[in-house]
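Quick notes on the structure that follows.
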Amino acid sequence: MVRGPDTFVLGTLTCSVFSCDDRAEAESYCLSQSAGIALGLALEGEVTVTQAGRSVTLHPGQFTFYAGAQPFAVRAPAAHVYLVVTIPLFTIGLRLVDLSGMLAAGIPGLLTSSSLLSDTLTTLATRQSELSPRARQQCGNAVVALIQGVISDHQVDEEPTRMLSLFNLLAQSVEQHLTDEILDAERLAAIHHLSARYVRQIFAARQSTVSRYVRERRLEHARADLVHPALATHSVAAIGRHWGFHDASVFSRAFKAQYGQPPQTYRRMNSRL
């Protein structure tokens with residue numbers, strides 16, 4: 001019989017641990033979130049994961065990626081424990097199509113990035129309750145960075161080098177100027193001596209826009225500030241204003257659209273962790 005999931009949150013990541021104390025025949029699992037990708041890691045026992053006609057067999061410490069919006073099935077010859085991490089695509093700056101070659105496929109464990117990610121998630125799955133709210137946020141950021149590292153190790157030849165390099169440069173500039181009053185394609189183009197049209201093309205190639213990416217990054221920083229102990233006395237509205245949301249209702253709607261709950265609720269729930 002399947003137990004769980006036991007769910008915990010690390011920053012933008014939602015982690016769910018499923019367990020079964022007996023043999024499982026095509027046991028179906030369904031995630032509560034419908035966007036982004038999912039990472040599945042075998043914690044104990046052997047499991048075979050199937051999604052959309054593709055299958056991969058995992059042993060303890062091995063993981064795979066698959067589409068978060070689609071159901072998946074797990075078969076196991078004996079008891080098993082399985083960790084699922086849901087990852088919003090905006091946190092890794094990729095489209096689902098960019099990951100098509102990695103979905104429901106084996107990820108080589110000999111790569112340093114894969115080993116680091118597996119070890120980190122295995123530890124967090126059993127000891128996350130010991131973390132403070134701020135540490136959860138930081139560990140979530142670390143896991144996202146490791147996921148990006150794993151993806152980079154598998155996709156070094158899949159995207160034109162110039163386009164990827166330019167996107168990374170533009171993304172860095174967005175981070176450096178997030179609190180600027182005006183941060184649009186024209187502003188980024190001026191910083192990097194590009195045309196605004198070309199900047200828009202770079203973001204469009206990743207199925208995004210400059211305004212959407214800037215909004216997502218501002219919301220992510222605001223989310224981190226909401227649970228930062230040093231900012232506990234700052235109001236939700238003040239934090240929103242700092243990150244460019246001068247209308248509290250606009251901030252609340254945008255935050256809920258991205259994270260599933262209003263900023264006041266998010267702060268209250270995560271401050272108790």
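Each chain of the structure tokens is named A, B, ... in the order shown, its residues numbered from 1; ligands are numbered from 1 in display order.
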- Message: Can you tell me, as a ChimeraX atom specification, which residues in stretch 64-261 of chain A count as alpha helix (DSSP H) by DSSP?
- Response: /A:112-127,133-155,161-176,185-192,196-204,210-226,236-242,248-259
- A:Pro133 environment, 7 Å, only C-alpha atoms, sequence neighbours closer than 4 positions dropped, as JSON, numbers by chain: {"A": [137, 227, 270, 271, 273]}
- Which one of A:Tyr213, A:Phe18, A:Tyr259, A:Phe251 sits closest to A:Glu175 if you count only C-alpha atoms? A:Tyr213
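Within stretch 37-78 of chain A, DSSP run on the backbone puts these residues in strand (DSSP E): Ile37, Ala38, Leu39, Gly40, Leu41, Ala42, Leu43, Glu44, Val47, Thr48, Val49, Thr50, Gln51, Arg54, Ser55, Val56, Thr57, Leu58, Phe63, Thr64, Phe65, Tyr66, Ala67, Phe72, Ala73, Val74, Arg75 and Ala76 of chain A.
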- Contact residues around A:Ala257 with only C-alpha atoms at 12 Å, ignoring same-chain residues under 6 positions, as a list in words: Ala35, Arg215, Glu216, Leu219, Val250, Phe251 and Pro263 of chain A
Hey, can you spit out that residue selection with N, CA and C atoms as a PDB file, in the first residue's frame?
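Result file is out.pdb:
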```pdb
ATOM      1  N   ALA A  35       2.437  22.668 -13.550  1.00  0.00           N
ATOM      2  CA  ALA A  35       3.396  23.376 -14.384  1.00  0.00           C
ATOM      3  C   ALA A  35       4.809  22.907 -14.091  1.00  0.00           C
ATOM      4  N   ARG A 215       9.408  40.203 -14.199  1.00  0.00           N
ATOM      5  CA  ARG A 215       8.381  40.037 -13.172  1.00  0.00           C
ATOM      6  C   ARG A 215       8.636  38.782 -12.336  1.00  0.00           C
ATOM      7  N   GLU A 216       8.969  37.680 -12.996  1.00  0.00           N
ATOM      8  CA  GLU A 216       9.217  36.436 -12.268  1.00  0.00           C
ATOM      9  C   GLU A 216      10.403  36.569 -11.322  1.00  0.00           C
ATOM     10  N   LEU A 219       9.405  38.791  -8.357  1.00  0.00           N
ATOM     11  CA  LEU A 219       8.559  38.031  -7.436  1.00  0.00           C
ATOM     12  C   LEU A 219       9.379  37.037  -6.632  1.00  0.00           C
ATOM     13  N   VAL A 250      -1.884  44.640  -7.068  1.00  0.00           N
ATOM     14  CA  VAL A 250      -1.197  44.064  -8.221  1.00  0.00           C
ATOM     15  C   VAL A 250      -0.141  43.072  -7.750  1.00  0.00           C
ATOM     16  N   PHE A 251       0.594  43.440  -6.712  1.00  0.00           N
ATOM     17  CA  PHE A 251       1.603  42.541  -6.146  1.00  0.00           C
ATOM     18  C   PHE A 251       0.964  41.255  -5.645  1.00  0.00           C
ATOM     19  N   PRO A 263       0.777  36.756  -0.882  1.00  0.00           N
ATOM     20  CA  PRO A 263       2.023  36.921  -0.133  1.00  0.00           C
ATOM     21  C   PRO A 263       1.828  36.881   1.381  1.00  0.00           C
TER      22      PRO A 263
END
```
